[in-house]
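See below for target_27.csv, which holds CSV, C-alpha atoms (C1' of nucleotides).
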```
chain,number,residue,atom,x,y,z
A,1,MET,CA,86.6,94.0,86.3
A,2,SER,CA,86.1,94.6,82.6
A,3,GLU,CA,86.8,92.1,79.9
A,4,LEU,CA,90.2,92.4,78.4
A,5,SER,CA,91.1,91.3,74.9
A,6,ASP,CA,93.8,88.7,74.6
A,7,GLN,CA,96.2,91.3,73.3
A,8,ARG,CA,95.4,93.7,76.0
A,9,ARG,CA,95.9,91.0,78.5
A,10,TYR,CA,99.2,90.1,77.0
A,11,ALA,CA,100.4,93.7,77.5
A,12,GLU,CA,99.4,93.4,81.2
A,13,ASP,CA,101.3,90.2,81.5
A,14,ALA,CA,104.4,91.7,79.9
A,15,ALA,CA,104.1,94.5,82.5
A,16,VAL,CA,104.2,91.9,85.3
A,17,VAL,CA,107.3,90.2,83.8
A,18,LEU,CA,109.1,93.5,83.2
A,19,GLY,CA,107.9,94.7,86.6
A,20,GLY,CA,109.9,91.8,88.1
A,21,LEU,CA,113.0,93.6,86.8
A,22,GLY,CA,111.9,96.7,88.6
A,23,LEU,CA,110.5,98.5,85.6
A,24,PRO,CA,107.4,100.6,85.8
A,25,PRO,CA,104.1,99.0,84.7
A,26,ALA,CA,103.5,101.5,81.9
A,27,TYR,CA,106.8,100.6,80.4
A,28,GLY,CA,106.0,96.9,80.3
A,29,LYS,CA,102.5,97.5,78.9
A,30,LEU,CA,103.8,99.6,76.1
A,31,LEU,CA,106.5,97.0,75.2
A,32,GLY,CA,104.1,94.1,75.4
A,33,TRP,CA,101.6,95.8,73.2
A,34,LEU,CA,104.2,96.9,70.7
A,35,LEU,CA,105.4,93.3,70.4
A,36,ILE,CA,102.0,92.0,69.3
A,37,CYS,CA,100.1,94.9,67.8
A,38,ASP,CA,99.1,95.1,64.1
A,39,PRO,CA,100.4,97.0,62.4
A,40,PRO,CA,103.7,96.9,64.4
A,41,TRP,CA,104.0,100.7,64.5
A,42,GLN,CA,101.6,102.7,66.7
A,43,THR,CA,101.2,106.4,67.4
A,44,SER,CA,101.1,107.8,70.9
A,45,THR,CA,97.4,108.3,70.6
A,46,GLN,CA,96.8,104.8,69.5
A,47,LEU,CA,98.9,103.5,72.4
A,48,ALA,CA,97.1,105.6,74.9
A,49,ALA,CA,93.7,104.4,73.7
A,50,ALA,CA,94.7,100.8,73.5
A,51,LEU,CA,96.3,100.6,76.9
A,52,GLY,CA,94.2,103.1,78.8
A,53,LEU,CA,97.1,105.3,79.6
A,54,SER,CA,97.3,109.1,79.6
A,55,LYS,CA,99.3,111.0,77.0
A,56,GLY,CA,101.8,111.8,79.6
A,57,SER,CA,102.4,108.2,80.6
A,58,VAL,CA,102.8,107.2,77.0
A,59,SER,CA,105.3,110.0,76.4
A,60,THR,CA,107.4,109.2,79.4
A,61,GLY,CA,107.2,105.4,78.9
A,62,MET,CA,108.1,105.6,75.3
A,63,ARG,CA,111.0,107.8,75.9
A,64,LEU,CA,112.3,105.2,78.4
A,65,LEU,CA,111.9,102.5,75.8
A,66,GLU,CA,113.7,104.6,73.2
A,67,THR,CA,116.6,105.5,75.4
A,68,SER,CA,117.0,101.9,76.5
A,69,GLY,CA,117.3,100.9,72.9
A,70,LEU,CA,114.2,98.8,72.7
A,71,ALA,CA,111.9,101.0,70.6
A,72,ARG,CA,112.4,103.6,67.9
A,73,ARG,CA,110.4,106.3,66.1
A,74,VAL,CA,109.3,105.7,62.6
A,75,PRO,CA,107.7,108.3,60.3
A,76,VAL,CA,104.1,107.8,59.3
A,77,PRO,CA,103.2,108.8,55.7
A,78,GLY,CA,100.0,110.9,55.9
A,79,HIS,CA,100.4,111.8,59.5
A,80,ARG,CA,101.6,114.7,61.5
A,81,GLY,CA,103.8,113.1,64.1
A,82,HIS,CA,105.6,109.8,64.3
A,83,ALA,CA,104.9,106.3,65.4
A,84,TYR,CA,106.8,103.9,67.5
A,85,GLU,CA,107.9,100.3,66.9
A,86,VAL,CA,110.1,97.8,68.7
A,87,ARG,CA,113.5,97.5,67.2
A,88,PRO,CA,113.8,94.2,65.4
A,89,ASP,CA,117.1,93.5,67.2
A,90,ALA,CA,115.9,94.9,70.5
A,91,VAL,CA,116.7,92.1,72.8
A,92,ILE,CA,120.1,91.4,71.2
A,93,ARG,CA,121.0,95.1,71.7
A,94,ILE,CA,120.2,94.7,75.4
A,95,ALA,CA,122.0,91.5,75.8
A,96,ALA,CA,125.1,92.6,74.0
A,97,ASP,CA,125.3,95.7,76.1
A,98,ALA,CA,127.9,94.7,78.7
A,99,THR,CA,127.2,97.7,80.9
A,100,LYS,CA,125.2,95.7,83.3
A,101,PHE,CA,128.1,93.3,83.9
A,102,ARG,CA,130.7,96.0,84.0
A,103,VAL,CA,128.8,97.6,86.9
A,104,PHE,CA,129.0,94.4,88.9
A,105,ARG,CA,132.6,93.8,88.0
A,106,GLU,CA,133.4,97.2,89.2
A,107,LEU,CA,131.5,96.7,92.4
A,108,MET,CA,133.6,93.6,93.1
A,109,GLU,CA,136.8,95.5,92.3
A,110,ARG,CA,135.9,98.2,94.7
A,111,GLY,CA,135.1,95.5,97.2
A,112,LEU,CA,138.7,94.2,96.9
A,113,ASP,CA,140.0,97.7,97.5
A,114,VAL,CA,137.9,98.1,100.6
A,115,VAL,CA,139.1,94.8,102.1
A,116,GLY,CA,142.7,95.7,101.4
A,117,GLY,CA,143.6,94.6,98.0
A,118,GLU,CA,144.0,91.5,95.9
A,119,ASP,CA,146.2,89.6,98.3
A,120,ALA,CA,144.3,90.3,101.5
A,121,PRO,CA,143.1,87.1,103.3
A,122,GLY,CA,139.5,86.0,102.7
A,123,THR,CA,139.1,87.7,99.4
A,124,GLU,CA,138.6,84.5,97.4
A,125,ARG,CA,134.9,85.1,97.0
A,126,LEU,CA,135.4,88.6,95.8
A,127,ARG,CA,138.1,87.7,93.4
A,128,MET,CA,136.0,84.9,91.9
A,129,MET,CA,133.0,87.1,91.5
A,130,ARG,CA,135.1,89.8,89.8
A,131,ASP,CA,136.6,87.3,87.5
A,132,PHE,CA,133.3,85.8,86.7
A,133,TYR,CA,131.8,89.1,85.7
A,134,ALA,CA,134.9,89.9,83.7
A,135,PHE,CA,134.5,86.6,82.0
A,136,ILE,CA,130.9,87.1,81.1
A,137,GLU,CA,131.6,90.7,80.0
A,138,ARG,CA,134.2,89.3,77.6
A,139,GLU,CA,132.2,86.3,76.4
A,140,MET,CA,128.7,87.8,75.9
A,141,PRO,CA,129.5,89.6,72.7
A,142,GLN,CA,130.8,86.4,71.2
A,143,LEU,CA,127.8,84.5,72.3
A,144,VAL,CA,125.6,87.1,70.6
A,145,GLU,CA,127.6,86.7,67.4
A,146,ARG,CA,127.2,83.0,67.5
A,147,PHE,CA,123.4,83.5,67.8
A,148,GLU,CA,123.4,85.8,64.9
A,149,ALA,CA,125.3,83.3,62.8
A,150,GLU,CA,123.0,80.5,63.8
A,151,TYR,CA,119.9,82.5,63.4
A,152,GLY,CA,120.9,84.1,60.1
A,153,ALA,CA,121.2,80.6,58.7
A,154,LYS,CA,117.5,79.8,59.6
A,155,GLY,CA,115.7,83.0,58.8
A,156,ASP,CA,117.1,86.0,56.9
A,157,ARG,CA,115.1,89.1,57.4
A,158,ASP,CA,115.0,92.4,59.0
A,159,GLY,CA,112.2,94.9,60.1
B,1,MET,CA,125.5,113.7,107.6
B,2,SER,CA,127.5,111.4,109.7
B,3,GLU,CA,130.9,109.9,108.7
B,4,LEU,CA,130.7,106.5,107.1
B,5,SER,CA,133.5,104.0,107.2
B,6,ASP,CA,134.7,102.8,103.9
B,7,GLN,CA,133.1,99.5,104.5
B,8,ARG,CA,129.8,100.9,105.4
B,9,ARG,CA,129.9,103.2,102.4
B,10,TYR,CA,130.6,100.1,100.3
B,11,ALA,CA,127.5,98.5,101.6
B,12,GLU,CA,125.5,101.6,100.6
B,13,ASP,CA,127.0,101.6,97.1
B,14,ALA,CA,126.1,98.0,96.7
B,15,ALA,CA,122.6,98.9,97.7
B,16,VAL,CA,122.5,101.4,94.8
B,17,VAL,CA,123.7,98.9,92.3
B,18,LEU,CA,121.3,96.2,93.4
B,19,GLY,CA,118.6,98.8,93.6
B,20,GLY,CA,119.1,99.4,89.9
B,21,LEU,CA,117.8,95.9,89.4
B,22,GLY,CA,114.7,96.7,91.4
B,23,LEU,CA,115.8,95.2,94.7
B,24,PRO,CA,115.1,96.8,98.1
B,25,PRO,CA,117.9,98.8,99.6
B,26,ALA,CA,118.2,96.7,102.7
B,27,TYR,CA,118.9,93.7,100.6
B,28,GLY,CA,121.7,95.4,98.8
B,29,LYS,CA,123.2,96.7,102.0
B,30,LEU,CA,123.3,93.3,103.5
B,31,LEU,CA,124.8,91.7,100.5
B,32,GLY,CA,127.4,94.5,100.2
B,33,TRP,CA,128.4,94.2,103.8
B,34,LEU,CA,128.6,90.4,103.7
B,35,LEU,CA,130.9,90.6,100.8
B,36,ILE,CA,133.6,92.6,102.6
B,37,CYS,CA,133.1,92.1,106.3
B,38,ASP,CA,135.6,90.4,108.5
B,39,PRO,CA,135.0,87.7,109.6
B,40,PRO,CA,132.8,86.8,106.6
B,41,TRP,CA,130.0,85.4,108.8
B,42,GLN,CA,127.8,87.8,110.7
B,43,THR,CA,124.9,87.3,113.1
B,44,SER,CA,121.6,89.2,112.7
B,45,THR,CA,122.6,91.4,115.6
B,46,GLN,CA,125.9,92.3,114.1
B,47,LEU,CA,124.3,93.1,110.8
B,48,ALA,CA,121.7,95.3,112.3
B,49,ALA,CA,124.3,97.2,114.3
B,50,ALA,CA,126.7,97.6,111.4
B,51,LEU,CA,124.1,98.7,108.9
B,52,GLY,CA,121.7,100.6,111.1
B,53,LEU,CA,118.8,98.4,110.3
B,54,SER,CA,116.1,97.0,112.5
B,55,LYS,CA,116.0,93.4,113.5
B,56,GLY,CA,112.9,93.0,111.3
B,57,SER,CA,114.6,94.4,108.2
B,58,VAL,CA,117.6,92.1,108.7
B,59,SER,CA,115.4,89.1,109.1
B,60,THR,CA,113.4,89.8,106.0
B,61,GLY,CA,116.4,90.9,104.0
B,62,MET,CA,118.4,87.9,104.9
B,63,ARG,CA,115.6,85.5,104.1
B,64,LEU,CA,115.4,87.1,100.6
B,65,LEU,CA,119.2,86.6,100.2
B,66,GLU,CA,118.9,83.0,101.4
B,67,THR,CA,116.0,82.1,99.1
B,68,SER,CA,117.7,83.7,96.1
B,69,GLY,CA,120.7,81.5,96.8
B,70,LEU,CA,123.2,84.2,97.6
B,71,ALA,CA,123.6,83.7,101.3
B,72,ARG,CA,123.4,80.8,103.7
B,73,ARG,CA,123.3,80.1,107.4
B,74,VAL,CA,126.3,78.9,109.2
B,75,PRO,CA,126.4,77.6,112.8
B,76,VAL,CA,128.4,79.7,115.3
B,77,PRO,CA,130.3,77.6,117.9
B,78,GLY,CA,129.7,79.4,121.2
B,79,HIS,CA,126.5,81.2,120.1
B,80,ARG,CA,122.8,80.7,120.5
B,81,GLY,CA,121.6,81.3,116.9
B,82,HIS,CA,123.3,81.2,113.6
B,83,ALA,CA,125.3,83.5,111.4
B,84,TYR,CA,125.1,84.3,107.7
B,85,GLU,CA,127.6,84.4,105.0
B,86,VAL,CA,127.5,84.8,101.2
B,87,ARG,CA,127.8,81.5,99.4
B,88,PRO,CA,131.2,81.2,97.8
B,89,ASP,CA,129.6,80.4,94.4
B,90,ALA,CA,126.8,82.9,94.8
B,91,VAL,CA,127.1,84.7,91.5
B,92,ILE,CA,127.6,81.6,89.6
B,93,ARG,CA,124.4,80.1,91.0
B,94,ILE,CA,122.5,83.1,90.0
B,95,ALA,CA,124.0,83.2,86.5
B,96,ALA,CA,123.5,79.5,85.9
B,97,ASP,CA,119.9,79.7,87.0
B,98,ALA,CA,118.1,79.9,83.7
B,99,THR,CA,114.8,80.9,85.2
B,100,LYS,CA,115.1,84.5,84.3
B,101,PHE,CA,115.6,83.7,80.6
B,102,ARG,CA,112.9,81.1,80.6
B,103,VAL,CA,110.3,83.6,81.8
B,104,PHE,CA,111.2,85.8,78.8
B,105,ARG,CA,111.2,83.0,76.4
B,106,GLU,CA,107.8,82.0,77.6
B,107,LEU,CA,106.6,85.6,77.2
B,108,MET,CA,107.7,85.6,73.6
B,109,GLU,CA,106.0,82.2,73.0
B,110,ARG,CA,102.8,83.5,74.5
B,111,GLY,CA,103.1,86.5,72.2
B,112,LEU,CA,103.3,84.2,69.2
B,113,ASP,CA,100.1,82.6,70.3
B,114,VAL,CA,98.4,85.9,70.7
B,115,VAL,CA,99.3,87.1,67.2
B,116,GLY,CA,98.1,83.8,65.7
B,117,GLY,CA,100.9,81.4,65.8
B,118,GLU,CA,104.3,80.8,64.4
B,119,ASP,CA,103.4,81.4,60.8
B,120,ALA,CA,101.3,84.6,61.1
B,121,PRO,CA,102.6,87.6,59.2
B,122,GLY,CA,104.8,90.1,61.1
B,123,THR,CA,106.0,87.7,63.7
B,124,GLU,CA,109.7,87.8,62.8
B,125,ARG,CA,110.6,90.0,65.8
B,126,LEU,CA,108.8,87.7,68.2
B,127,ARG,CA,110.3,84.6,66.8
B,128,MET,CA,113.8,86.0,66.8
B,129,MET,CA,113.4,87.1,70.4
B,130,ARG,CA,112.1,83.7,71.5
B,131,ASP,CA,114.9,82.0,69.7
B,132,PHE,CA,117.4,84.3,71.3
B,133,TYR,CA,116.2,83.6,74.8
B,134,ALA,CA,116.1,79.9,74.1
B,135,PHE,CA,119.6,80.1,72.8
B,136,ILE,CA,120.9,81.9,75.9
B,137,GLU,CA,119.0,79.5,78.1
B,138,ARG,CA,120.8,76.7,76.4
B,139,GLU,CA,124.2,78.2,76.3
B,140,MET,CA,124.5,79.8,79.7
B,141,PRO,CA,125.1,76.6,81.7
B,142,GLN,CA,127.9,75.8,79.3
B,143,LEU,CA,129.4,79.2,79.6
B,144,VAL,CA,129.4,78.8,83.4
B,145,GLU,CA,131.1,75.5,83.0
B,146,ARG,CA,133.8,77.0,80.9
B,147,PHE,CA,134.4,79.7,83.5
B,148,GLU,CA,134.7,77.1,86.2
B,149,ALA,CA,137.3,75.2,84.1
B,150,GLU,CA,139.3,78.3,83.4
B,151,TYR,CA,139.0,79.6,86.9
B,152,GLY,CA,139.8,76.3,88.5
B,153,ALA,CA,143.1,76.3,86.7
B,154,LYS,CA,144.0,79.7,88.2
B,155,GLY,CA,142.8,79.4,91.8
B,156,ASP,CA,141.7,76.2,93.5
B,157,ARG,CA,139.8,76.9,96.6
B,158,ASP,CA,136.4,77.0,98.2
B,159,GLY,CA,134.9,78.8,101.2
C,1,DC,C1',99.4,134.2,60.2
C,2,DC,C1',96.1,131.7,62.7
C,3,DG,C1',93.9,127.2,64.2
C,4,DT,C1',94.6,122.6,65.2
C,5,DA,C1',96.7,118.2,66.0
C,6,DG,C1',100.4,116.2,68.2
C,7,DG,C1',103.8,116.1,71.8
C,8,DT,C1',106.2,117.3,76.1
C,9,DT,C1',106.6,118.6,80.8
C,10,DC,C1',105.7,118.8,85.6
C,11,DA,C1',103.1,119.5,90.1
C,12,DG,C1',100.3,117.0,92.7
C,13,DA,C1',97.2,112.9,93.6
C,14,DA,C1',97.0,108.0,94.0
C,15,DC,C1',99.2,104.2,94.8
C,16,DT,C1',102.8,101.0,96.1
C,17,DT,C1',106.6,99.4,98.8
C,18,DA,C1',110.0,99.3,102.5
C,19,DT,C1',111.0,99.7,107.2
C,20,DT,C1',110.1,99.9,111.7
C,21,DG,C1',108.9,98.4,116.3
C,22,DA,C1',106.2,95.8,119.3
C,23,DA,C1',104.2,91.4,120.2
C,24,DC,C1',105.0,86.6,120.0
C,25,DG,C1',107.6,82.0,119.6
C,26,DT,C1',111.7,79.2,120.6
C,27,DT,C1',115.7,77.5,122.4
C,28,DC,C1',119.2,77.1,125.7
C,29,DG,C1',121.5,77.5,130.2
C,30,DA,C1',121.0,77.4,135.0
D,1,DT,C1',110.8,75.4,135.3
D,2,DC,C1',112.2,80.0,134.8
D,3,DG,C1',114.8,83.8,132.6
D,4,DA,C1',117.2,85.7,128.9
D,5,DA,C1',118.8,86.0,124.3
D,6,DC,C1',117.5,85.4,119.8
D,7,DG,C1',114.7,85.3,115.8
D,8,DT,C1',110.3,85.9,113.3
D,9,DT,C1',106.1,88.0,112.0
D,10,DC,C1',103.0,91.6,111.0
D,11,DA,C1',100.2,96.0,111.4
D,12,DA,C1',101.1,100.7,111.0
D,13,DT,C1',103.9,104.2,109.3
D,14,DA,C1',107.2,106.4,106.5
D,15,DA,C1',109.2,106.9,102.1
D,16,DG,C1',109.2,106.6,97.5
D,17,DT,C1',107.4,106.0,92.8
D,18,DT,C1',104.1,106.2,89.1
D,19,DC,C1',100.4,108.2,86.8
D,20,DT,C1',97.5,111.7,85.5
D,21,DG,C1',95.8,116.0,83.7
D,22,DA,C1',96.3,120.6,82.7
D,23,DA,C1',99.3,124.0,80.9
D,24,DC,C1',102.5,124.8,77.6
D,25,DC,C1',105.3,124.2,73.3
D,26,DT,C1',105.9,123.2,68.2
D,27,DA,C1',104.9,122.4,63.5
D,28,DC,C1',102.0,122.0,59.8
D,29,DG,C1',97.9,123.1,56.8
D,30,DG,C1',95.0,126.3,55.1
```
Represent the structure of the file as structure tokens.
Amino acid sequence: MSELSDQRRYAEDAAVVLGGLGLPPAYGKLLGWLLICDPPWQTSTQLAAALGLSKGSVSTGMRLLETSGLARRVPVPGHRGHAYEVRPDAVIRIAADATKFRVFRELMERGLDVVGGEDAPGTERLRMMRDFYAFIEREMPQLVERFEAEYGAKGDRDG
Amino acid sequence: MSELSDQRRYAEDAAVVLGGLGLPPAYGKLLGWLLICDPPWQTSTQLAAALGLSKGSVSTGMRLLETSGLARRVPVPGHRGHAYEVRPDAVIRIAADATKFRVFRELMERGLDVVGGEDAPGTERLRMMRDFYAFIEREMPQLVERFEAEYGAKGDRDG
DNA sequence: CCGTAGGTTCAGAACTTATTGAACGTTCGA
DNA sequence: TCGAACGTTCAATAAGTTCTGAACCTACGG
């Protein structure tokens, strides 16, 4: 196996972690690389070269990163196309997005329907789970606000 | 396509939702079924019959559910083996488990190493993400405690 | 108006993962 | 001790997903 630079290896490791969430390797590699590359913006060509991916894979993977709100396009001065960079607030956007929790809450609600409604016997588990997800859904935005307040006090910058 | 009972359909839907998190279909079906079945405990044989899965799939899938803390074995009085049921506090256990966040925080920490440490230029994104995950890791247990307090006030039971 | 760099799409190859089903233990009742 | 029910494991197969590469757009510079 060929020698990998620390940075390249980091991209691979990120792919493993993200892969654990069911995401495609290319997606994780791209994100990992964009987190540590210098400069922080990279063109498709650069990404393909750095990560040993085809143009097609970079195109598909970056679109996924864009639509999931983790990366964005930035114009490059003396350059034909665009470059990509991770959004400074990427993780927060993801965390604040309550969609994930809503889906689960709705699954529990549907479960209650299936078993015969709120008051049917043996629905305690379902009700608790539904309430739990509803709780998290409600609280998460506030938690994120608190982080922003705390963090803003320490370091005030933006990308 | 054959007619599916509401309950069976629910199991399929659960599989889709869980699948979105990268989990195998069989796992989602089993969990979905166990959430709504009556009685709430089911033997391997029952699960296989209800969901149209092989004994092998049930065995593998249930072990996954067990090790991830969502289901547990319960003895069955006049029966050779054991049955399974979802743990009453399944979701809370999952949510309270900070492992998921730790993995991400560690990825960000490694990223900082790779780019040359805390004080290297252009590390703002990485530092913020690391701090964010550390924050969530710290706060999540407290959030769960708050839910338990709130919920305990409304409905006091256990399975 | 053409040539070229950059970007996207998509069919098929390569690969990965889930599921089955058969073989193998184990435990219990008789 | 035997037979039967039950559960587990694992090799092979089926199913599904990702990645590539070539064809195809588009926009800009000259």
Do you have the C1' of DT17 in chain C-C1' of DA14 in chain D distance handy?
10.4 Å
Within 10 Å of chain B: residues of chain C, using only C-alpha atoms (C1' of nucleotides), as a list in words:
DT17, DA18, DT19, DT20, DG21, DT27 and DC28 of chain C
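What separates CA of Val58 in chain A from C1' of DG29 in chain D is a distance of 26.2 Å.
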If the cut-off is 9 Å, can you tell me the residues of chain A near chain B, counting all atoms listed in the file? I'd like them as number ranges by chain.
A: 6-7, 10, 13-14, 17, 19-23, 32, 35-40, 86-92, 103-104, 107-108, 110-112, 114-115, 122-126, 128-129, 131-133, 135-136, 139, 143-144, 147-148, 151, 155, 157-159
Exercise: DG6 in chain C partners within 10 Å, only C-alpha atoms (C1' of nucleotides), chain neighbours under 6 positions left out, as a ChimeraX atom specification
/A:43-45,79-82 /D:26-27
With the cut-off set at 10 Å and counting all atoms listed in the file, tabulate each residue of chain D with an atom at most that distance from an atom of chain A, showing the nearest atom pair and its distance in Å to one decimal, ordered by chain and increasing number, as CSV.
```
residue,atom,partner,partner_atom,distance
D:DT17,C1',A:Pro24,CA,8.8
D:DT18,C1',A:Pro24,CA,7.3
D:DC19,C1',A:Ser57,CA,6.5
D:DT20,C1',A:Ser54,CA,6.5
D:DG21,C1',A:Ser54,CA,8.2
D:DA27,C1',A:Arg80,CA,8.6
D:DC28,C1',A:Arg80,CA,7.5
```
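The space separating C1' of DC6 in chain D from CA of Gly28 in chain B comes to 23.6 Å.
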